[in-house]
>>> print(open('upload.csv').read())   # CSV, C-alpha atoms
chain,number,residue,atom,x,y,z
A,1,MET,CA,0.0,0.0,0.0
A,2,GLN,CA,1.3,3.4,-1.0
A,3,PHE,CA,1.8,5.9,1.8
A,4,GLY,CA,2.1,9.5,0.5
A,5,ARG,CA,3.3,10.5,-2.9
A,6,TYR,CA,6.4,11.7,-4.6
A,7,TYR,CA,6.5,15.1,-6.2
A,8,GLU,CA,6.2,13.6,-9.7
A,9,GLU,CA,3.0,11.8,-8.7
A,10,PHE,CA,1.0,15.0,-7.9
A,11,GLU,CA,-1.0,16.5,-10.7
A,12,VAL,CA,-2.7,19.9,-10.5
A,13,GLY,CA,-6.4,19.3,-10.3
A,14,ALA,CA,-6.2,15.8,-8.9
A,15,VAL,CA,-8.6,15.2,-6.0
A,16,TYR,CA,-7.8,12.5,-3.4
A,17,LYS,CA,-10.8,11.3,-1.5
A,18,HIS,CA,-9.7,10.2,2.0
A,19,TRP,CA,-11.1,6.9,3.4
A,20,PRO,CA,-12.6,6.0,5.8
A,21,GLY,CA,-14.6,8.8,7.4
A,22,LYS,CA,-14.7,9.2,11.2
A,23,THR,CA,-17.7,9.5,13.4
A,24,VAL,CA,-17.0,12.1,16.1
A,25,THR,CA,-18.0,11.0,19.6
A,26,GLU,CA,-18.5,13.1,22.7
A,27,TYR,CA,-15.4,11.4,24.1
A,28,ASP,CA,-13.3,12.5,21.1
A,29,ASP,CA,-14.4,16.1,21.4
A,30,HIS,CA,-14.0,16.3,25.2
A,31,LEU,CA,-10.6,14.6,25.3
A,32,PHE,CA,-9.3,16.9,22.6
A,33,CYS,CA,-10.6,19.9,24.5
A,34,LEU,CA,-9.0,18.7,27.7
A,35,ILE,CA,-5.7,17.8,26.1
A,36,THR,CA,-5.5,21.3,24.5
A,37,MET,CA,-6.8,23.1,27.5
A,38,ASN,CA,-9.8,24.5,25.6
A,39,HIS,CA,-12.4,24.6,28.4
A,40,HIS,CA,-15.0,26.7,26.6
A,41,PRO,CA,-18.5,25.5,27.8
A,42,LEU,CA,-19.8,25.4,24.3
A,43,HIS,CA,-17.8,22.3,23.8
A,44,LEU,CA,-17.9,20.7,27.3
A,45,ASP,CA,-21.1,21.8,29.1
A,46,ALA,CA,-24.3,20.4,27.7
A,47,ASN,CA,-26.6,22.5,29.9
A,48,TYR,CA,-24.8,25.7,28.9
A,49,ALA,CA,-25.0,24.8,25.2
A,50,GLU,CA,-28.7,23.8,25.5
A,51,GLU,CA,-29.7,26.9,27.5
A,52,THR,CA,-27.6,29.7,26.1
A,53,THR,CA,-26.6,29.0,22.4
A,54,ASP,CA,-28.4,29.0,19.1
A,55,PHE,CA,-27.2,25.4,18.5
A,56,GLY,CA,-29.0,24.0,21.6
A,57,LYS,CA,-26.2,21.3,22.0
A,58,ASN,CA,-22.5,21.0,22.3
A,59,VAL,CA,-20.5,22.0,19.2
A,60,VAL,CA,-17.3,20.0,18.4
A,61,VAL,CA,-14.3,22.1,18.8
A,62,GLY,CA,-13.1,23.3,15.3
A,63,ASN,CA,-9.5,22.5,15.8
A,64,TYR,CA,-10.3,18.9,16.4
A,65,ILE,CA,-12.1,18.8,13.0
A,66,TYR,CA,-9.1,20.5,11.4
A,67,SER,CA,-6.7,18.0,13.0
A,68,LEU,CA,-8.9,15.1,12.0
A,69,LEU,CA,-8.9,16.2,8.4
A,70,LEU,CA,-5.2,16.8,8.4
A,71,GLY,CA,-4.6,13.3,9.8
A,72,MET,CA,-7.0,11.8,7.2
A,73,SER,CA,-5.0,13.4,4.4
A,74,VAL,CA,-1.6,12.0,5.4
A,75,ALA,CA,-1.8,8.7,3.6
A,76,ASP,CA,-2.8,10.4,0.3
A,77,VAL,CA,-0.9,13.7,0.5
A,78,SER,CA,1.9,14.1,3.1
A,79,GLY,CA,3.0,10.6,4.0
A,80,LYS,CA,6.3,11.1,2.3
A,81,ALA,CA,6.6,14.9,3.2
A,82,ILE,CA,9.9,16.4,4.1
A,83,ALA,CA,8.1,19.3,5.8
A,84,ASN,CA,4.7,20.9,6.2
A,85,LEU,CA,5.5,24.5,5.4
A,86,GLU,CA,2.4,26.6,5.8
A,87,VAL,CA,-1.3,26.7,6.4
A,88,ALA,CA,-2.4,29.6,4.2
A,89,SER,CA,-6.1,29.6,5.2
A,90,LEU,CA,-8.4,27.7,7.6
A,91,LYS,CA,-12.1,28.2,7.5
A,92,HIS,CA,-14.7,26.6,9.8
A,93,LEU,CA,-17.9,27.0,7.7
A,94,LYS,CA,-20.5,25.0,9.6
A,95,PRO,CA,-20.7,23.4,13.1
A,96,THR,CA,-20.1,19.8,13.7
A,97,PHE,CA,-22.0,17.9,16.5
A,98,HIS,CA,-21.4,14.7,18.4
A,99,GLY,CA,-22.4,11.8,16.2
A,100,ASP,CA,-21.6,13.5,12.9
A,101,THR,CA,-19.3,11.6,10.5
A,102,ILE,CA,-16.6,13.6,8.9
A,103,TYR,CA,-15.2,12.8,5.4
A,104,GLY,CA,-12.4,14.6,3.6
A,105,GLU,CA,-10.9,15.2,0.3
A,106,THR,CA,-7.8,17.1,-0.9
A,107,GLU,CA,-7.3,18.9,-4.3
A,108,VAL,CA,-3.9,19.7,-5.7
A,109,LEU,CA,-3.9,23.4,-6.5
A,110,ASP,CA,-0.3,23.9,-7.6
A,111,LYS,CA,3.2,22.4,-7.7
A,112,THR,CA,6.6,24.1,-7.9
A,113,PRO,CA,10.0,22.4,-8.1
A,114,SER,CA,12.5,23.6,-5.5
A,115,SER,CA,14.8,26.3,-6.7
A,116,SER,CA,17.6,25.3,-4.3
A,117,LYS,CA,17.5,21.5,-4.3
A,118,ASP,CA,16.6,19.3,-7.2
A,119,ASP,CA,15.4,16.4,-5.2
A,120,ARG,CA,12.1,18.0,-3.9
A,121,GLY,CA,9.3,20.4,-4.6
A,122,VAL,CA,6.4,22.2,-3.0
A,123,ILE,CA,2.7,21.3,-3.5
A,124,SER,CA,-0.2,23.5,-2.6
A,125,VAL,CA,-3.4,21.7,-1.7
A,126,GLU,CA,-6.8,22.4,-0.4
A,127,THR,CA,-8.5,20.0,2.0
A,128,ARG,CA,-12.3,20.0,2.4
A,129,GLY,CA,-14.1,18.3,5.2
A,130,TYR,CA,-17.8,17.5,5.1
A,131,LYS,CA,-20.5,15.7,7.1
A,132,GLN,CA,-22.5,12.6,6.3
A,133,ASP,CA,-25.1,14.8,4.5
A,134,GLY,CA,-22.4,16.5,2.3
A,135,THR,CA,-22.4,19.8,4.3
A,136,VAL,CA,-18.9,21.3,4.0
A,137,VAL,CA,-17.7,22.1,7.6
A,138,CYS,CA,-14.0,23.0,7.2
A,139,THR,CA,-11.6,23.9,4.5
A,140,PHE,CA,-7.9,24.7,4.6
A,141,GLN,CA,-5.1,25.3,2.2
A,142,ARG,CA,-1.5,24.4,2.9
A,143,LYS,CA,1.9,24.0,1.3
A,144,VAL,CA,3.9,20.8,1.7
A,145,MET,CA,7.5,20.1,0.7
A,146,VAL,CA,7.6,16.6,-0.8
A,147,PRO,CA,10.5,14.6,-2.1
A,148,LYS,CA,11.1,13.6,-5.7
A,149,ARG,CA,11.6,9.9,-6.4
A,150,SER,CA,15.3,10.4,-6.4
A,151,TYR,CA,15.2,11.6,-2.8
A,152,GLY,CA,13.2,8.5,-1.7
A,153,GLU,CA,15.5,6.1,-3.6
A,154,ALA,CA,18.6,7.6,-2.0
A,155,ARG,CA,17.0,7.0,1.5
A,156,GLY,CA,15.7,3.5,1.2
A,157,GLY,CA,12.8,3.6,-1.2
A,158,GLU,CA,9.2,3.1,-0.3
A,159,GLN,CA,9.7,2.0,3.3
A,160,PRO,CA,12.9,3.8,4.5
A,161,GLY,CA,14.3,2.6,7.8
A,162,ARG,CA,12.4,-0.7,7.8
A,163,PRO,CA,14.5,-3.4,9.3
A,164,VAL,CA,15.0,-6.8,7.6
A,165,PRO,CA,13.9,-9.7,9.8
A,166,HIS,CA,16.5,-12.3,10.6
A,167,GLU,CA,16.9,-15.2,12.9
>>> encode(input="upload.csv", output="structure tokens")
Amino acid sequence: MQFGRYYEEFEVGAVYKHWPGKTVTEYDDHLFCLITMNHHPLHLDANYAEETTDFGKNVVVGNYIYSLLLGMSVADVSGKAIANLEVASLKHLKPTFHGDTIYGETEVLDKTPSSSKDDRGVISVETRGYKQDGTVVCTFQRKVMVPKRSYGEARGGEQPGRPVPHE
């Protein structure tokens, strides 16, 4: 199974549909909030959300959705990355609630060979996350430095660092 892509494999306009989706649980949301010290009651206090917000229930913290989508994209986009360089934009377009299932896809917007090293290049991509009903909830654009095939071959090929079993 391929994990990430070399620079030569990216084509402007290509769309990678990440699989599988992830159903967001209350536990996921609350754990992420607690780990990141985001104690806003909109995310943690069901009574507060029910009584004082337009949503009437807890809203999943947006940075969890962003992180989830970023993670979903690794196998298709940045699994071979040398570096994540920039997040140019991040938009939370609609709320996500406990029980929603998130799906993601990433489109290649641009690719530029490195001007300083001939074994790599930079790809620009946009990732879209949407719920089970197709509602887009989050989008972000980023730039990723990815290796050319020559970089990978010089460092062990498809599975660099993998040991060889012996008895």
>>> closest_residue(input="upload.csv", among="A:His98, A:Lys80, A:His18, A:Arg120", to="Glu158 in chain A", atoms="all atoms listed in the file")
A:Lys80
>>> atom_distance(input="upload.csv", atom1="CA of Met72 in chain A", atom2="CA of Thr112 in chain A")
23.8 Å
>>> residues_around(input="upload.csv", residues="range 6-10 of chain A", least_positions_apart="2", cutoff="12 Å", atoms="only C-alpha atoms", output="ChimeraX atom specification")
/A:2-4,12-16,75-82,106-114,118-125,144-153,157-158
>>> closest_residue(input="upload.csv", among="A:Val87, A:Leu69, A:Ala46, A:Val60", to="Asp29 in chain A", atoms="all atoms listed in the file")
A:Val60
>>> atom_distance(input="upload.csv", atom1="CA of Lys17 in chain A", atom2="CA of Val136 in chain A")
14.0 Å
>>> closest_residue(input="upload.csv", among="A:Thr127, A:Phe32, A:Pro41, A:Asn84", to="Asn63 in chain A", atoms="only C-alpha atoms")
A:Phe32
>>> residues_around(input="upload.csv", residues="Lys22 in chain A", least_positions_apart="2", cutoff="8 Å", atoms="all atoms listed in the file", output="VMD selection string")
chain A and resid 20 24 101 to 103
>>> closest_residue(input="upload.csv", among="A:Gly156, A:Pro165, A:Gly134, A:Gly104", to="Ser67 in chain A", atoms="all atoms listed in the file")
A:Gly104
>>> atom_distance(input="upload.csv", atom1="CA of Lys94 in chain A", atom2="CA of Ala49 in chain A")
16.2 Å
>>> closest_residue(input="upload.csv", among="A:Tyr48, A:Phe97, A:Trp19, A:Phe140", to="Val61 in chain A", atoms="all atoms listed in the file")
A:Phe97
>>> decode(input="upload.csv", residues="range 33-129 of chain A", atoms="C-alpha atoms", output="PDB file, in the first residue's frame")
ATOM      1  CA  CYS A  33     -10.616  19.921  24.495  1.00  0.00           C
ATOM      2  CA  LEU A  34      -9.027  18.739  27.726  1.00  0.00           C
ATOM      3  CA  ILE A  35      -5.682  17.836  26.137  1.00  0.00           C
ATOM      4  CA  THR A  36      -5.481  21.256  24.455  1.00  0.00           C
ATOM      5  CA  MET A  37      -6.838  23.126  27.519  1.00  0.00           C
ATOM      6  CA  ASN A  38      -9.835  24.518  25.620  1.00  0.00           C
ATOM      7  CA  HIS A  39     -12.416  24.613  28.394  1.00  0.00           C
ATOM      8  CA  HIS A  40     -15.046  26.683  26.614  1.00  0.00           C
ATOM      9  CA  PRO A  41     -18.466  25.525  27.837  1.00  0.00           C
ATOM     10  CA  LEU A  42     -19.805  25.444  24.265  1.00  0.00           C
ATOM     11  CA  HIS A  43     -17.782  22.256  23.844  1.00  0.00           C
ATOM     12  CA  LEU A  44     -17.930  20.739  27.345  1.00  0.00           C
ATOM     13  CA  ASP A  45     -21.112  21.825  29.138  1.00  0.00           C
ATOM     14  CA  ALA A  46     -24.306  20.353  27.667  1.00  0.00           C
ATOM     15  CA  ASN A  47     -26.554  22.481  29.898  1.00  0.00           C
ATOM     16  CA  TYR A  48     -24.764  25.685  28.888  1.00  0.00           C
ATOM     17  CA  ALA A  49     -25.007  24.773  25.195  1.00  0.00           C
ATOM     18  CA  GLU A  50     -28.684  23.839  25.488  1.00  0.00           C
ATOM     19  CA  GLU A  51     -29.730  26.881  27.486  1.00  0.00           C
ATOM     20  CA  THR A  52     -27.610  29.699  26.054  1.00  0.00           C
ATOM     21  CA  THR A  53     -26.589  28.965  22.434  1.00  0.00           C
ATOM     22  CA  ASP A  54     -28.354  29.007  19.088  1.00  0.00           C
ATOM     23  CA  PHE A  55     -27.221  25.420  18.513  1.00  0.00           C
ATOM     24  CA  GLY A  56     -28.965  23.961  21.592  1.00  0.00           C
ATOM     25  CA  LYS A  57     -26.240  21.349  22.029  1.00  0.00           C
ATOM     26  CA  ASN A  58     -22.472  21.017  22.281  1.00  0.00           C
ATOM     27  CA  VAL A  59     -20.478  21.970  19.210  1.00  0.00           C
ATOM     28  CA  VAL A  60     -17.344  19.952  18.409  1.00  0.00           C
ATOM     29  CA  VAL A  61     -14.258  22.142  18.776  1.00  0.00           C
ATOM     30  CA  GLY A  62     -13.146  23.270  15.317  1.00  0.00           C
ATOM     31  CA  ASN A  63      -9.475  22.504  15.802  1.00  0.00           C
ATOM     32  CA  TYR A  64     -10.330  18.854  16.367  1.00  0.00           C
ATOM     33  CA  ILE A  65     -12.088  18.778  13.000  1.00  0.00           C
ATOM     34  CA  TYR A  66      -9.066  20.467  11.377  1.00  0.00           C
ATOM     35  CA  SER A  67      -6.685  17.995  13.044  1.00  0.00           C
ATOM     36  CA  LEU A  68      -8.860  15.059  12.037  1.00  0.00           C
ATOM     37  CA  LEU A  69      -8.887  16.160   8.393  1.00  0.00           C
ATOM     38  CA  LEU A  70      -5.166  16.819   8.418  1.00  0.00           C
ATOM     39  CA  GLY A  71      -4.613  13.291   9.754  1.00  0.00           C
ATOM     40  CA  MET A  72      -6.996  11.776   7.189  1.00  0.00           C
ATOM     41  CA  SER A  73      -4.971  13.369   4.393  1.00  0.00           C
ATOM     42  CA  VAL A  74      -1.556  12.007   5.415  1.00  0.00           C
ATOM     43  CA  ALA A  75      -1.765   8.682   3.572  1.00  0.00           C
ATOM     44  CA  ASP A  76      -2.767  10.432   0.329  1.00  0.00           C
ATOM     45  CA  VAL A  77      -0.871  13.720   0.528  1.00  0.00           C
ATOM     46  CA  SER A  78       1.912  14.136   3.082  1.00  0.00           C
ATOM     47  CA  GLY A  79       2.960  10.591   3.972  1.00  0.00           C
ATOM     48  CA  LYS A  80       6.323  11.145   2.286  1.00  0.00           C
ATOM     49  CA  ALA A  81       6.585  14.853   3.190  1.00  0.00           C
ATOM     50  CA  ILE A  82       9.879  16.448   4.090  1.00  0.00           C
ATOM     51  CA  ALA A  83       8.056  19.316   5.818  1.00  0.00           C
ATOM     52  CA  ASN A  84       4.677  20.936   6.224  1.00  0.00           C
ATOM     53  CA  LEU A  85       5.518  24.542   5.367  1.00  0.00           C
ATOM     54  CA  GLU A  86       2.411  26.647   5.773  1.00  0.00           C
ATOM     55  CA  VAL A  87      -1.304  26.726   6.407  1.00  0.00           C
ATOM     56  CA  ALA A  88      -2.445  29.616   4.232  1.00  0.00           C
ATOM     57  CA  SER A  89      -6.096  29.570   5.243  1.00  0.00           C
ATOM     58  CA  LEU A  90      -8.374  27.739   7.638  1.00  0.00           C
ATOM     59  CA  LYS A  91     -12.138  28.188   7.531  1.00  0.00           C
ATOM     60  CA  HIS A  92     -14.735  26.645   9.820  1.00  0.00           C
ATOM     61  CA  LEU A  93     -17.878  26.970   7.715  1.00  0.00           C
ATOM     62  CA  LYS A  94     -20.537  25.033   9.633  1.00  0.00           C
ATOM     63  CA  PRO A  95     -20.745  23.417  13.062  1.00  0.00           C
ATOM     64  CA  THR A  96     -20.096  19.752  13.731  1.00  0.00           C
ATOM     65  CA  PHE A  97     -21.956  17.889  16.483  1.00  0.00           C
ATOM     66  CA  HIS A  98     -21.376  14.671  18.408  1.00  0.00           C
ATOM     67  CA  GLY A  99     -22.442  11.779  16.184  1.00  0.00           C
ATOM     68  CA  ASP A 100     -21.606  13.483  12.885  1.00  0.00           C
ATOM     69  CA  THR A 101     -19.333  11.574  10.525  1.00  0.00           C
ATOM     70  CA  ILE A 102     -16.551  13.557   8.860  1.00  0.00           C
ATOM     71  CA  TYR A 103     -15.195  12.785   5.403  1.00  0.00           C
ATOM     72  CA  GLY A 104     -12.363  14.568   3.641  1.00  0.00           C
ATOM     73  CA  GLU A 105     -10.860  15.167   0.252  1.00  0.00           C
ATOM     74  CA  THR A 106      -7.846  17.106  -0.937  1.00  0.00           C
ATOM     75  CA  GLU A 107      -7.314  18.858  -4.272  1.00  0.00           C
ATOM     76  CA  VAL A 108      -3.882  19.673  -5.682  1.00  0.00           C
ATOM     77  CA  LEU A 109      -3.865  23.400  -6.507  1.00  0.00           C
ATOM     78  CA  ASP A 110      -0.269  23.929  -7.622  1.00  0.00           C
ATOM     79  CA  LYS A 111       3.185  22.357  -7.651  1.00  0.00           C
ATOM     80  CA  THR A 112       6.559  24.067  -7.872  1.00  0.00           C
ATOM     81  CA  PRO A 113       9.974  22.405  -8.070  1.00  0.00           C
ATOM     82  CA  SER A 114      12.465  23.617  -5.475  1.00  0.00           C
ATOM     83  CA  SER A 115      14.820  26.296  -6.746  1.00  0.00           C
ATOM     84  CA  SER A 116      17.557  25.327  -4.285  1.00  0.00           C
ATOM     85  CA  LYS A 117      17.486  21.500  -4.256  1.00  0.00           C
ATOM     86  CA  ASP A 118      16.638  19.328  -7.237  1.00  0.00           C
ATOM     87  CA  ASP A 119      15.364  16.375  -5.180  1.00  0.00           C
ATOM     88  CA  ARG A 120      12.133  18.023  -3.930  1.00  0.00           C
ATOM     89  CA  GLY A 121       9.288  20.399  -4.640  1.00  0.00           C
ATOM     90  CA  VAL A 122       6.378  22.170  -2.997  1.00  0.00           C
ATOM     91  CA  ILE A 123       2.744  21.278  -3.529  1.00  0.00           C
ATOM     92  CA  SER A 124      -0.188  23.528  -2.639  1.00  0.00           C
ATOM     93  CA  VAL A 125      -3.375  21.727  -1.695  1.00  0.00           C
ATOM     94  CA  GLU A 126      -6.843  22.446  -0.364  1.00  0.00           C
ATOM     95  CA  THR A 127      -8.544  19.988   1.966  1.00  0.00           C
ATOM     96  CA  ARG A 128     -12.326  19.992   2.391  1.00  0.00           C
ATOM     97  CA  GLY A 129     -14.133  18.279   5.217  1.00  0.00           C
TER      98      GLY A 129
END
